[in-house]
file coords34.cif (mmCIF, C-alpha atoms and all ligand atoms)
data_protein
loop_
_atom_site.label_atom_id
_atom_site.label_comp_id
_atom_site.auth_asym_id
_atom_site.auth_seq_id
_atom_site.Cartn_x
_atom_site.Cartn_y
_atom_site.Cartn_z
CA PRO A 1 84.96 -21.97 -74.67
CA GLU A 2 83.02 -20.85 -71.54
CA LYS A 3 81.05 -24.03 -71.38
CA LEU A 4 82.30 -27.47 -72.32
CA ILE A 5 79.84 -29.87 -73.90
CA ALA A 6 80.89 -33.44 -73.27
CA THR A 7 79.93 -36.39 -75.44
CA ASP A 8 79.41 -39.93 -74.09
CA GLN A 9 82.67 -41.22 -75.37
CA ALA A 10 85.42 -40.27 -77.84
CA GLU A 11 88.28 -42.22 -79.35
CA ALA A 12 91.25 -41.20 -81.46
CA PHE A 13 94.35 -42.79 -82.95
CA ALA A 14 97.64 -41.00 -83.59
CA PRO A 15 100.75 -42.45 -85.20
CA SER A 16 104.18 -42.47 -83.66
CA ASN A 17 106.80 -40.53 -85.62
CA ILE A 18 110.52 -40.71 -86.24
CA ALA A 19 112.42 -37.45 -86.74
CA LEU A 20 114.76 -37.22 -89.75
CA CYS A 21 115.88 -33.80 -88.49
CA LYS A 22 115.72 -33.98 -84.71
CA TYR A 23 114.21 -31.78 -82.02
CA TRP A 24 116.76 -31.51 -79.21
CA GLY A 25 116.67 -28.59 -76.76
CA LYS A 26 114.03 -26.14 -75.57
CA ARG A 27 114.19 -22.37 -75.61
CA GLN A 28 111.24 -22.31 -73.16
CA SER A 29 110.35 -25.36 -71.13
CA GLU A 30 106.84 -24.62 -69.78
CA LEU A 31 105.33 -24.38 -73.26
CA ASN A 32 107.81 -26.82 -74.86
CA LEU A 33 109.15 -24.28 -77.33
CA PRO A 34 112.08 -25.79 -79.25
CA VAL A 35 115.46 -24.34 -80.10
CA ASN A 36 115.17 -25.69 -83.66
CA SER A 37 112.60 -26.81 -86.21
CA SER A 38 112.36 -30.55 -86.94
CA LEU A 39 110.99 -32.90 -89.60
CA SER A 40 109.63 -36.40 -89.21
CA ILE A 41 107.92 -39.33 -90.84
CA SER A 42 104.83 -40.74 -89.14
CA LEU A 43 104.62 -44.49 -88.59
CA ALA A 44 101.19 -45.29 -90.09
CA HIS A 45 99.52 -47.96 -87.92
CA LEU A 46 102.11 -47.89 -85.09
CA GLY A 47 100.99 -45.51 -82.38
CA THR A 48 98.46 -44.85 -79.67
CA ARG A 49 94.70 -45.24 -79.44
CA THR A 50 93.04 -43.25 -76.68
CA GLN A 51 89.47 -43.37 -75.47
CA ILE A 52 87.84 -40.85 -73.14
CA ARG A 53 84.64 -41.48 -71.21
CA PRO A 54 83.08 -39.93 -68.12
CA SER A 55 84.23 -41.31 -64.76
CA GLN A 56 81.35 -42.38 -62.55
CA THR A 57 83.49 -42.34 -59.39
CA GLY A 58 83.98 -38.58 -59.55
CA GLU A 59 87.77 -39.08 -59.80
CA ASP A 60 89.96 -39.09 -62.88
CA GLN A 61 91.23 -42.52 -63.89
CA VAL A 62 94.13 -43.21 -66.22
CA VAL A 63 94.40 -46.64 -67.82
CA LEU A 64 97.56 -47.55 -69.75
CA ASN A 65 97.57 -50.71 -71.86
CA GLY A 66 94.65 -52.12 -69.85
CA GLN A 67 96.09 -51.31 -66.41
CA LEU A 68 94.61 -48.71 -64.07
CA LEU A 69 97.51 -46.50 -62.93
CA PRO A 70 97.83 -44.95 -59.46
CA VAL A 71 96.81 -41.27 -59.85
CA GLU A 72 100.11 -40.18 -58.34
CA SER A 73 102.20 -42.03 -60.96
CA SER A 74 104.13 -39.70 -63.23
CA PHE A 75 102.27 -40.86 -66.35
CA ALA A 76 98.83 -40.30 -64.76
CA CYS A 77 99.92 -36.88 -63.42
CA LYS A 78 101.07 -35.78 -66.88
CA VAL A 79 97.83 -36.94 -68.49
CA ILE A 80 95.65 -35.28 -65.84
CA SER A 81 97.48 -31.96 -65.94
CA PHE A 82 97.24 -32.01 -69.73
CA VAL A 83 93.46 -32.56 -69.60
CA ASP A 84 93.31 -29.69 -67.05
CA LEU A 85 94.56 -27.31 -69.77
CA PHE A 86 91.15 -27.82 -71.37
CA ARG A 87 88.94 -28.22 -68.25
CA ARG A 88 90.48 -25.16 -66.56
CA GLY A 89 89.08 -25.79 -63.10
CA ARG A 90 85.72 -27.13 -64.28
CA SER A 91 84.70 -30.52 -62.93
CA TYR A 92 84.57 -33.19 -65.61
CA PRO A 93 86.00 -36.38 -64.09
CA LEU A 94 87.22 -38.62 -66.89
CA ILE A 95 88.53 -42.06 -67.67
CA VAL A 96 91.45 -41.77 -70.08
CA ASP A 97 92.05 -45.21 -71.53
CA THR A 98 95.17 -45.34 -73.65
CA ARG A 99 96.79 -48.20 -75.53
CA ASN A 100 100.12 -48.24 -77.37
CA ASN A 101 101.00 -50.79 -80.00
CA ILE A 102 104.67 -49.80 -79.64
CA PRO A 103 106.93 -50.42 -76.62
CA THR A 104 106.45 -47.58 -74.12
CA ALA A 105 109.50 -45.43 -73.26
CA ALA A 106 111.98 -47.34 -75.41
CA GLY A 107 112.92 -44.42 -77.63
CA LEU A 108 110.11 -45.34 -79.98
CA ALA A 109 108.34 -42.04 -79.41
CA SER A 110 105.28 -43.25 -77.51
CA SER A 111 104.88 -39.86 -75.82
CA ALA A 112 104.51 -38.32 -79.29
CA SER A 113 101.61 -40.54 -80.35
CA GLY A 114 100.23 -40.52 -76.79
CA PHE A 115 99.79 -36.77 -76.46
CA ALA A 116 98.61 -36.41 -80.07
CA ALA A 117 95.92 -39.07 -79.57
CA LEU A 118 94.95 -37.53 -76.21
CA THR A 119 94.63 -34.06 -77.76
CA GLN A 120 92.44 -35.40 -80.55
CA ALA A 121 90.29 -37.41 -78.15
CA ILE A 122 89.78 -34.33 -75.93
CA ASN A 123 88.89 -32.25 -78.99
CA GLN A 124 86.19 -34.75 -79.87
CA TYR A 125 85.02 -35.42 -76.33
CA PHE A 126 84.34 -31.74 -75.62
CA GLN A 127 83.29 -31.04 -79.25
CA LEU A 128 85.86 -28.25 -79.52
CA GLN A 129 86.33 -28.55 -83.30
CA LEU A 130 89.81 -27.04 -83.12
CA PRO A 131 91.77 -26.89 -86.39
CA ASP A 132 94.71 -29.28 -86.79
CA ALA A 133 97.31 -26.51 -86.34
CA VAL A 134 95.83 -25.64 -82.93
CA LEU A 135 95.64 -29.33 -81.98
CA SER A 136 99.30 -29.61 -82.94
CA ALA A 137 100.23 -26.62 -80.74
CA PHE A 138 98.30 -28.14 -77.81
CA ALA A 139 99.86 -31.58 -78.34
CA ARG A 140 103.27 -29.84 -78.28
CA MET A 141 102.61 -28.68 -74.73
CA GLY A 142 102.21 -32.33 -73.68
CA SER A 143 105.36 -33.42 -75.48
CA GLY A 144 107.27 -31.54 -78.18
CA SER A 145 107.36 -34.39 -80.68
CA ALA A 146 103.59 -34.91 -80.25
CA SER A 147 103.05 -31.76 -82.34
CA ARG A 148 104.19 -33.82 -85.36
CA SER A 149 102.01 -36.87 -84.58
CA ILE A 150 98.82 -34.94 -85.39
CA TYR A 151 99.60 -35.63 -89.06
CA SER A 152 100.61 -38.63 -91.15
CA GLY A 153 103.40 -38.79 -93.73
CA PHE A 154 106.27 -36.27 -93.74
CA VAL A 155 105.68 -33.53 -91.16
CA GLU A 156 107.60 -30.38 -90.29
CA TRP A 157 107.38 -28.77 -86.86
CA ARG A 158 108.33 -25.13 -87.34
CA MET A 159 109.83 -23.72 -84.17
CA GLY A 160 107.95 -20.41 -84.45
CA LEU A 161 108.97 -17.06 -83.00
CA GLN A 162 106.10 -16.01 -80.75
CA GLU A 163 106.41 -16.10 -76.99
CA ASP A 164 102.94 -17.61 -76.56
CA GLY A 165 103.96 -20.55 -78.78
CA MET A 166 100.87 -20.40 -80.97
CA ASP A 167 103.05 -20.37 -84.11
CA SER A 168 105.11 -23.35 -82.88
CA HIS A 169 103.24 -26.25 -84.46
CA ALA A 170 103.56 -28.83 -87.18
CA TYR A 171 102.61 -28.79 -90.87
CA PRO A 172 102.02 -31.82 -93.09
CA LEU A 173 104.18 -31.91 -96.23
CA ASP A 174 102.44 -32.68 -99.48
CA ILE A 175 104.94 -35.38 -100.52
CA ILE A 176 104.31 -39.10 -100.84
CA TRP A 177 107.04 -41.76 -101.09
CA PRO A 178 105.22 -45.10 -101.34
CA ASP A 179 108.42 -47.17 -101.46
CA LEU A 180 109.91 -45.66 -98.27
CA ARG A 181 110.31 -48.12 -95.41
CA VAL A 182 111.22 -47.59 -91.75
CA GLY A 183 112.65 -50.62 -89.94
CA LEU A 184 112.75 -50.83 -86.16
CA VAL A 185 115.81 -52.61 -84.77
CA LYS A 186 114.93 -53.35 -81.15
CA VAL A 187 118.18 -53.43 -79.20
CA SER A 188 116.41 -53.04 -75.85
CA THR A 189 112.86 -52.19 -74.83
CA ALA A 190 113.76 -51.40 -71.22
CA VAL A 191 112.60 -48.01 -69.90
CA LYS A 192 115.34 -45.47 -70.54
CA ALA A 193 117.48 -44.14 -67.73
CA VAL A 194 117.23 -40.44 -68.58
CA ASP A 195 114.01 -39.17 -70.16
CA SER A 196 114.20 -36.77 -73.10
CA ARG A 197 113.08 -33.78 -71.07
CA SER A 198 115.93 -34.06 -68.55
CA GLY A 199 118.34 -35.19 -71.27
CA MET A 200 117.70 -32.06 -73.34
CA LYS A 201 118.05 -29.82 -70.32
CA ARG A 202 121.37 -31.42 -69.40
CA THR A 203 122.68 -31.08 -72.96
CA VAL A 204 121.67 -27.42 -73.28
CA GLU A 205 123.17 -26.57 -69.88
CA THR A 206 126.42 -28.55 -69.96
CA ALA A 207 127.52 -29.44 -73.52
CA SER A 208 129.52 -26.70 -75.20
CA LEU A 209 129.20 -28.69 -78.45
CA TYR A 210 125.48 -27.90 -78.31
CA GLN A 211 126.26 -24.36 -79.49
CA SER A 212 126.76 -25.69 -83.00
CA TRP A 213 123.50 -27.70 -83.00
CA PRO A 214 120.95 -25.02 -84.03
CA ALA A 215 122.90 -24.12 -87.19
CA GLN A 216 123.46 -27.77 -88.09
CA ALA A 217 119.76 -28.58 -87.60
CA ALA A 218 118.71 -25.61 -89.77
CA GLN A 219 121.07 -26.71 -92.53
CA ASP A 220 119.94 -30.34 -92.33
CA LEU A 221 116.31 -29.27 -92.52
CA GLU A 222 117.04 -27.38 -95.75
CA LYS A 223 118.86 -30.41 -97.19
CA ILE A 224 116.01 -32.74 -96.30
CA HIS A 225 113.50 -30.46 -98.00
CA GLN A 226 115.72 -30.48 -101.08
CA ALA A 227 116.09 -34.28 -101.02
CA LEU A 228 112.32 -34.65 -100.67
CA SER A 229 111.58 -32.39 -103.61
CA ASP A 230 114.29 -34.09 -105.73
CA GLY A 231 113.02 -37.56 -104.77
CA ASN A 232 116.61 -38.31 -103.71
CA PHE A 233 116.50 -41.20 -101.21
CA SER A 234 120.28 -41.46 -100.71
CA GLU A 235 120.53 -37.81 -99.77
CA LEU A 236 117.53 -38.07 -97.43
CA GLY A 237 119.04 -41.09 -95.67
CA ALA A 238 122.52 -39.61 -95.43
CA VAL A 239 121.33 -36.29 -94.01
CA ALA A 240 119.03 -38.05 -91.50
CA GLU A 241 121.87 -40.29 -90.29
CA HIS A 242 124.31 -37.39 -90.04
CA ASN A 243 121.73 -35.33 -88.16
CA ALA A 244 121.11 -38.15 -85.64
CA MET A 245 124.83 -38.69 -85.06
CA SER A 246 125.34 -34.94 -84.57
CA MET A 247 122.55 -34.85 -81.98
CA HIS A 248 124.10 -37.84 -80.17
CA ALA A 249 127.50 -36.11 -80.23
CA THR A 250 125.99 -33.19 -78.29
CA MET A 251 124.41 -35.65 -75.82
CA ILE A 252 127.69 -37.49 -75.27
CA ALA A 253 129.41 -34.13 -74.69
CA SER A 254 127.05 -33.38 -71.77
CA TRP A 255 128.05 -33.80 -68.15
CA PRO A 256 127.37 -36.31 -66.72
CA PRO A 257 127.59 -37.92 -70.18
CA LEU A 258 124.37 -38.95 -71.86
CA LEU A 259 125.04 -42.09 -73.86
CA TYR A 260 121.80 -43.73 -74.92
CA TRP A 261 123.60 -46.42 -76.93
CA GLN A 262 124.12 -50.03 -75.88
CA PRO A 263 126.94 -52.20 -77.27
CA ASP A 264 124.41 -53.80 -79.65
CA SER A 265 123.48 -50.36 -80.99
CA VAL A 266 127.07 -49.96 -82.19
CA VAL A 267 127.10 -53.50 -83.62
CA ALA A 268 123.99 -52.57 -85.65
CA MET A 269 125.54 -49.27 -86.83
CA GLN A 270 128.66 -51.06 -88.06
CA LYS A 271 126.54 -53.60 -89.85
CA ILE A 272 124.67 -50.82 -91.63
CA TRP A 273 127.93 -49.14 -92.68
CA ALA A 274 129.22 -52.48 -94.01
CA LEU A 275 126.00 -53.01 -95.95
CA ARG A 276 126.34 -49.54 -97.49
CA GLU A 277 129.97 -50.32 -98.44
CA ALA A 278 128.57 -53.39 -100.18
CA GLY A 279 126.14 -51.23 -102.15
CA VAL A 280 122.94 -51.67 -100.11
CA GLU A 281 121.23 -48.32 -99.60
CA VAL A 282 120.31 -48.35 -95.92
CA TYR A 283 120.64 -45.55 -93.40
CA PHE A 284 119.71 -45.25 -89.74
CA THR A 285 118.52 -42.74 -87.21
CA MET A 286 118.36 -42.98 -83.40
CA ASP A 287 116.50 -41.13 -80.68
CA ALA A 288 116.86 -40.94 -76.91
CA GLY A 289 117.28 -44.69 -76.58
CA PRO A 290 119.38 -47.64 -77.79
CA ASN A 291 117.17 -48.71 -80.72
CA LEU A 292 117.93 -47.99 -84.36
CA LYS A 293 115.41 -46.98 -86.98
CA LEU A 294 116.48 -48.01 -90.47
CA LEU A 295 115.55 -46.03 -93.55
CA PHE A 296 115.44 -47.95 -96.81
CA GLN A 297 113.42 -48.60 -99.95
CA GLU A 298 110.99 -51.42 -100.52
CA LYS A 299 113.34 -53.17 -102.96
CA ASN A 300 115.75 -53.90 -100.08
CA GLN A 301 113.15 -55.04 -97.55
CA ALA A 302 113.65 -58.82 -97.91
CA LEU A 303 117.43 -58.51 -97.66
CA LEU A 304 117.27 -56.32 -94.56
CA GLU A 305 114.76 -58.63 -92.87
CA THR A 306 117.34 -61.39 -93.29
CA GLU A 307 120.21 -59.21 -92.03
CA PHE A 308 118.24 -57.97 -88.99
CA PRO A 309 116.10 -60.84 -87.66
CA GLY A 310 113.01 -59.51 -85.89
CA LEU A 311 113.10 -56.24 -87.84
CA GLU A 312 109.69 -54.57 -87.63
CA VAL A 313 109.01 -52.85 -90.95
CA VAL A 314 106.61 -49.96 -91.40
CA ALA A 315 105.42 -48.61 -94.75
CA PRO A 316 104.57 -45.01 -93.78
CA PHE A 317 102.45 -44.39 -96.86
CA GLU A 318 100.49 -47.62 -96.90
CA ALA A 319 96.76 -47.03 -97.16
CA SER A 320 95.25 -47.91 -93.80
CA GLU A 321 91.68 -47.80 -92.55
CA SER A 322 92.89 -47.39 -88.98
CA LEU A 323 94.41 -44.00 -89.84
CA ASN A 324 91.03 -42.64 -90.85
CA SER A 325 89.55 -43.51 -87.48
CA SER A 326 91.61 -40.67 -85.96
CA THR A 327 88.68 -38.40 -86.75
CA THR A 328 85.92 -40.76 -85.69
CA THR A 329 83.83 -40.09 -82.62
CA VAL A 330 82.37 -43.29 -81.24
C1 LIG A 401 112.70 -35.98 -81.86
N1 LIG A 401 113.20 -36.65 -79.50
O1 LIG A 401 112.78 -35.02 -82.65
C2 LIG A 401 113.69 -36.00 -80.70
C3 LIG A 401 114.93 -36.73 -81.06
C4 LIG A 401 114.12 -37.62 -79.00
C5 LIG A 401 115.35 -37.46 -79.81
O2 LIG A 401 111.37 -35.41 -79.42
O3 LIG A 401 110.30 -32.88 -73.36
O4 LIG A 401 109.31 -36.66 -75.65
O5 LIG A 401 108.19 -34.01 -74.01
O6 LIG A 401 109.12 -32.18 -75.42
O7 LIG A 401 109.10 -34.87 -77.43
C6 LIG A 401 111.65 -36.86 -77.62
O8 LIG A 401 111.34 -35.80 -76.79
O9 LIG A 401 110.30 -34.38 -75.26
C7 LIG A 401 112.07 -36.26 -78.91
P1 LIG A 401 109.43 -33.31 -74.48
P2 LIG A 401 109.88 -35.46 -76.31
O10 LIG A 401 111.89 -36.90 -82.02
#

call {"tool": "encode", "arguments": {"input": "coords34.cif", "output": "structure tokens"}}
result
Amino acid sequence: PEKLIATDQAEAFAPSNIALCKYWGKRQSELNLPVNSSLSISLAHLGTRTQIRPSQTGEDQVVLNGQLLPVESSFACKVISFVDLFRRGRSYPLIVDTRNNIPTAAGLASSASGFAALTQAINQYFQLQLPDAVLSAFARMGSGSASRSIYSGFVEWRMGLQEDGMDSHAYPLDIIWPDLRVGLVKVSTAVKAVDSRSGMKRTVETASLYQSWPAQAAQDLEKIHQALSDGNFSELGAVAEHNAMSMHATMIASWPPLLYWQPDSVVAMQKIWALREAGVEVYFTMDAGPNLKLLFQEKNQALLETEFPGLEVVAPFEASESLNSSTTTV
């Protein structure tokens, strides 16, 4: 709009999400347009809460987990240039106060929930009343996976075909699996060495194996849709694990090699394969970091909590008041 109307304060929550069919590679990097479509599950109460209020100093301020960041830090720069997409040269100095309840930059997708919460908070703060699909397309420009964090439950980000990217946004799937569980195996919460953006670029530019990725991702997406409509957990888990390993194979085939795994990641993988051999239905997926995300059903929760001490378990479809607050203006 020509004129922005600011409120006193706005606050929004967005969940983190874990892709079952991964986004890896951009066809256009300024707008974050992906090479392939992807599909994720949102992590209910795990995510980011962001508050926006006017800054009395006349300067933007970015606060992360209670700490005021230097404006020249890369996180603050990203946040400020994202807000500028909406302010477009107009002077509205803001305090962006953002809090994650997941470890930042540990491959637990905090940029996804971060940009989704920021987009929703901006929408409320300036009373833009943008539809969810447009919010998703905006969130995508902050971080590709953020397009999916606008919604809860199973979410598909369709790559789209348009050059302006307005058809590259997520859609919520009308499927509920109350007994689905996602378990976070924290191998390391250290900040990763190569961020996803540079990692993707390196893979696309140097890994000849990457040529087979778009077709594999398209096929996996189809299979996941089928598994979801059949209610077939084993198929869902198997396709998600195969998809993650295929993505990591393209990363490893980059130069210099991109290996996000730590020795303990492999220990955990082998444990999961042994459990499956023994008849326990558990699968895993991994992102641009050393941590594993387990996929299993509620009936196996107690056993897996024993096998993986410290496992953080999320029930993506649990009813939660905090999810509703994503649309609340304070
Ligand atoms: C995903 N990842 O689908 C994939 C799998 C990591 C591995 O989306 O450059 O932070 O900001 O668009 O969204 C992480 O990449 O990257 C990611 P940008 P993003 O979840």

call {"tool": "closest_residue", "arguments": {"input": "coords34.cif", "among": "A:Asp287, A:Asp264, A:Glu30, A:Asp132", "to": "Ser196 in chain A", "atoms": "only C-alpha atoms"}}
result
A:Asp287

call {"tool": "closest_residue", "arguments": {"input": "coords34.cif", "among": "A:Met245, A:Ile150, A:Met251, A:Val182", "to": "Glu205 in chain A", "atoms": "all atoms listed in the file"}}
result
A:Met251

call {"tool": "atom_distance", "arguments": {"input": "coords34.cif", "atom1": "CA of Ser73 in chain A", "atom2": "CA of Thr98 in chain A"}}
result
14.9 Å

call {"tool": "closest_residue", "arguments": {"input": "coords34.cif", "among": "A:Gln124, A:Thr250, A:Gln61, A:Thr206", "to": "ligand LIG 401 (chain A)", "atoms": "only C-alpha atoms and all ligand atoms"}}
result
A:Thr250

call {"tool": "closest_residue", "arguments": {"input": "coords34.cif", "among": "A:Gln226, A:Gln162, A:Gln120, A:Asn243", "to": "ligand LIG 401 (chain A)", "atoms": "all atoms listed in the file"}}
result
A:Asn243

call {"tool": "closest_atom_pairs", "arguments": {"input": "coords34.cif", "of": "chain A", "to": "ligand LIG 401 (chain A)", "cutoff": "10 Å", "atoms": "all atoms listed in the file", "output": "CSV"}}
result
residue,atom,partner,partner_atom,distance
A:Ser16,CA,A:LIG401,O10,9.7
A:Asn17,CA,A:LIG401,O10,7.2
A:Ile18,CA,A:LIG401,O10,5.8
A:Ala19,CA,A:LIG401,O1,4.8
A:Leu20,CA,A:LIG401,O1,7.7
A:Cys21,CA,A:LIG401,O1,6.7
A:Lys22,CA,A:LIG401,O1,3.7
A:Tyr23,CA,A:LIG401,O1,3.6
A:Trp24,CA,A:LIG401,C2,5.6
A:Gly25,CA,A:LIG401,O3,8.4
A:Lys26,CA,A:LIG401,O6,7.8
A:Ser29,CA,A:LIG401,O3,7.8
A:Glu30,CA,A:LIG401,O3,9.6
A:Leu31,CA,A:LIG401,O6,8.9
A:Asn32,CA,A:LIG401,O6,5.5
A:Leu33,CA,A:LIG401,O6,8.1
A:Pro34,CA,A:LIG401,O6,8.0
A:Asn36,CA,A:LIG401,O1,9.7
A:Ser37,CA,A:LIG401,O1,9.0
A:Ser38,CA,A:LIG401,O1,6.2
A:Leu39,CA,A:LIG401,O1,7.5
A:Ser40,CA,A:LIG401,O1,7.4
A:Ile41,CA,A:LIG401,O10,10.0
A:Ala105,CA,A:LIG401,O4,9.1
A:Gly107,CA,A:LIG401,C4,7.0
A:Leu108,CA,A:LIG401,C4,8.8
A:Ala109,CA,A:LIG401,C6,6.4
A:Ser110,CA,A:LIG401,O4,7.9
A:Ser111,CA,A:LIG401,O4,5.5
A:Ala112,CA,A:LIG401,O7,6.0
A:Ser113,CA,A:LIG401,O4,9.8
A:Gly114,CA,A:LIG401,O4,9.9
A:Phe115,CA,A:LIG401,O5,9.2
A:Ala139,CA,A:LIG401,O5,9.7
A:Arg140,CA,A:LIG401,O6,6.9
A:Met141,CA,A:LIG401,O6,7.4
A:Gly142,CA,A:LIG401,O5,6.2
A:Ser143,CA,A:LIG401,O5,3.2
A:Gly144,CA,A:LIG401,O6,3.4
A:Ser145,CA,A:LIG401,O7,3.7
A:Ala146,CA,A:LIG401,O7,6.2
A:Ser147,CA,A:LIG401,O7,8.4
A:Arg148,CA,A:LIG401,O10,8.9
A:Trp157,CA,A:LIG401,O1,9.3
A:Asp195,CA,A:LIG401,O4,7.7
A:Ser196,CA,A:LIG401,O8,4.8
A:Arg197,CA,A:LIG401,O3,3.7
A:Ser198,CA,A:LIG401,O3,7.5
A:Gly199,CA,A:LIG401,O3,8.6
A:Met200,CA,A:LIG401,O3,7.4
A:Lys201,CA,A:LIG401,O3,8.9
A:Asn243,CA,A:LIG401,C3,9.9
A:Ala244,CA,A:LIG401,C3,7.8
A:Met247,CA,A:LIG401,C3,7.9
A:His248,CA,A:LIG401,C5,8.8
A:Thr285,CA,A:LIG401,C3,9.3
A:Met286,CA,A:LIG401,C5,7.2
A:Asp287,CA,A:LIG401,C5,3.9
A:Ala288,CA,A:LIG401,C5,4.8
A:Gly289,CA,A:LIG401,C4,8.1

call {"tool": "residues_around", "arguments": {"input": "coords34.cif", "residues": "Leu43 in chain A", "least_positions_apart": "3", "cutoff": "10 Å", "atoms": "only C-alpha atoms", "output": "list in words"}}
result
Ala14, Pro15, Ser16, Asn17, Ile18, Ser40, Leu46, Gly47, Ser113, Ser149, Ser152, Gly153, Phe154, Arg181, Val182, Val313, Val314, Ala315, Pro316, Phe317 and Glu318 of chain A

call {"tool": "residues_around", "arguments": {"input": "coords34.cif", "residues": "Arg90 in chain A", "least_positions_apart": "6", "cutoff": "10 Å", "atoms": "all atoms listed in the file", "output": "PDB file with C-alpha atoms, in the frame of the given file"}}
result
ATOM      1  CA  GLU A   2      83.020 -20.850 -71.540  1.00  0.00           C
ATOM      2  CA  LYS A   3      81.050 -24.030 -71.380  1.00  0.00           C
ATOM      3  CA  LEU A   4      82.300 -27.470 -72.320  1.00  0.00           C
ATOM      4  CA  ASP A  84      93.310 -29.690 -67.050  1.00  0.00           C
TER       5      ASP A  84
END

call {"tool": "atom_distance", "arguments": {"input": "coords34.cif", "atom1": "CA of Ser188 in chain A", "atom2": "CA of Cys77 in chain A"}}
result
26.2 Å

call {"tool": "atom_distance", "arguments": {"input": "coords34.cif", "atom1": "CA of Asp167 in chain A", "atom2": "CA of Gln216 in chain A"}}
result
22.1 Å

call {"tool": "closest_atom_pairs", "arguments": {"input": "coords34.cif", "of": "range 255-274 of chain A", "to": "range 295-311 of chain A", "cutoff": "10 Å", "atoms": "only C-alpha atoms", "output": "JSON lines"}}
result
{"residue": "A:Ala268", "atom": "CA", "partner": "A:Phe308", "partner_atom": "CA", "distance": 8.6}
{"residue": "A:Lys271", "atom": "CA", "partner": "A:Glu307", "partner_atom": "CA", "distance": 8.7}
{"residue": "A:Ile272", "atom": "CA", "partner": "A:Glu307", "partner_atom": "CA", "distance": 9.5}

call {"tool": "closest_residue", "arguments": {"input": "coords34.cif", "among": "A:Glu156, A:Glu59, A:Glu163, A:Asp220", "to": "Val71 in chain A", "atoms": "all atoms listed in the file"}}
result
A:Glu59

call {"tool": "closest_residue", "arguments": {"input": "coords34.cif", "among": "A:Ile80, A:Leu135, A:Ala44, A:Val35", "to": "Leu180 in chain A", "atoms": "all atoms listed in the file"}}
result
A:Ala44

call {"tool": "decode", "arguments": {"input": "coords34.cif", "residues": "range 231-243 of chain A", "atoms": "N, CA and C atoms", "output": "PDB file, in the first residue's frame"}}
result
ATOM      1  N   GLY A 231      -2.416 -43.435   4.258  1.00  0.00           N
ATOM      2  CA  GLY A 231      -2.168 -43.582   5.696  1.00  0.00           C
ATOM      3  C   GLY A 231      -1.051 -44.593   5.958  1.00  0.00           C
ATOM      4  N   ASN A 232      -0.069 -44.648   5.046  1.00  0.00           N
ATOM      5  CA  ASN A 232       0.983 -45.660   5.112  1.00  0.00           C
ATOM      6  C   ASN A 232       2.255 -45.076   5.744  1.00  0.00           C
ATOM      7  N   PHE A 233       2.405 -45.267   7.075  1.00  0.00           N
ATOM      8  CA  PHE A 233       3.531 -44.673   7.786  1.00  0.00           C
ATOM      9  C   PHE A 233       4.881 -45.215   7.304  1.00  0.00           C
ATOM     10  N   SER A 234       4.963 -46.537   7.089  1.00  0.00           N
ATOM     11  CA  SER A 234       6.246 -47.137   6.690  1.00  0.00           C
ATOM     12  C   SER A 234       6.746 -46.546   5.383  1.00  0.00           C
ATOM     13  N   GLU A 235       5.827 -46.369   4.456  1.00  0.00           N
ATOM     14  CA  GLU A 235       6.206 -45.802   3.162  1.00  0.00           C
ATOM     15  C   GLU A 235       6.642 -44.333   3.326  1.00  0.00           C
ATOM     16  N   LEU A 236       5.894 -43.599   4.131  1.00  0.00           N
ATOM     17  CA  LEU A 236       6.246 -42.196   4.377  1.00  0.00           C
ATOM     18  C   LEU A 236       7.667 -42.094   4.946  1.00  0.00           C
ATOM     19  N   GLY A 237       7.937 -42.908   5.969  1.00  0.00           N
ATOM     20  CA  GLY A 237       9.242 -42.876   6.624  1.00  0.00           C
ATOM     21  C   GLY A 237      10.351 -43.287   5.667  1.00  0.00           C
ATOM     22  N   ALA A 238      10.105 -44.365   4.918  1.00  0.00           N
ATOM     23  CA  ALA A 238      11.146 -44.866   4.011  1.00  0.00           C
ATOM     24  C   ALA A 238      11.468 -43.843   2.921  1.00  0.00           C
ATOM     25  N   VAL A 239      10.441 -43.234   2.356  1.00  0.00           N
ATOM     26  CA  VAL A 239      10.688 -42.258   1.285  1.00  0.00           C
ATOM     27  C   VAL A 239      11.408 -41.031   1.846  1.00  0.00           C
ATOM     28  N   ALA A 240      11.000 -40.593   3.046  1.00  0.00           N
ATOM     29  CA  ALA A 240      11.650 -39.417   3.656  1.00  0.00           C
ATOM     30  C   ALA A 240      13.130 -39.702   3.911  1.00  0.00           C
ATOM     31  N   GLU A 241      13.426 -40.889   4.439  1.00  0.00           N
ATOM     32  CA  GLU A 241      14.832 -41.227   4.730  1.00  0.00           C
ATOM     33  C   GLU A 241      15.650 -41.317   3.440  1.00  0.00           C
ATOM     34  N   HIS A 242      15.072 -41.965   2.424  1.00  0.00           N
ATOM     35  CA  HIS A 242      15.772 -42.103   1.144  1.00  0.00           C
ATOM     36  C   HIS A 242      16.013 -40.720   0.515  1.00  0.00           C
ATOM     37  N   ASN A 243      15.005 -39.864   0.617  1.00  0.00           N
ATOM     38  CA  ASN A 243      15.137 -38.517   0.064  1.00  0.00           C
ATOM     39  C   ASN A 243      16.268 -37.742   0.757  1.00  0.00           C
TER      40      ASN A 243
END
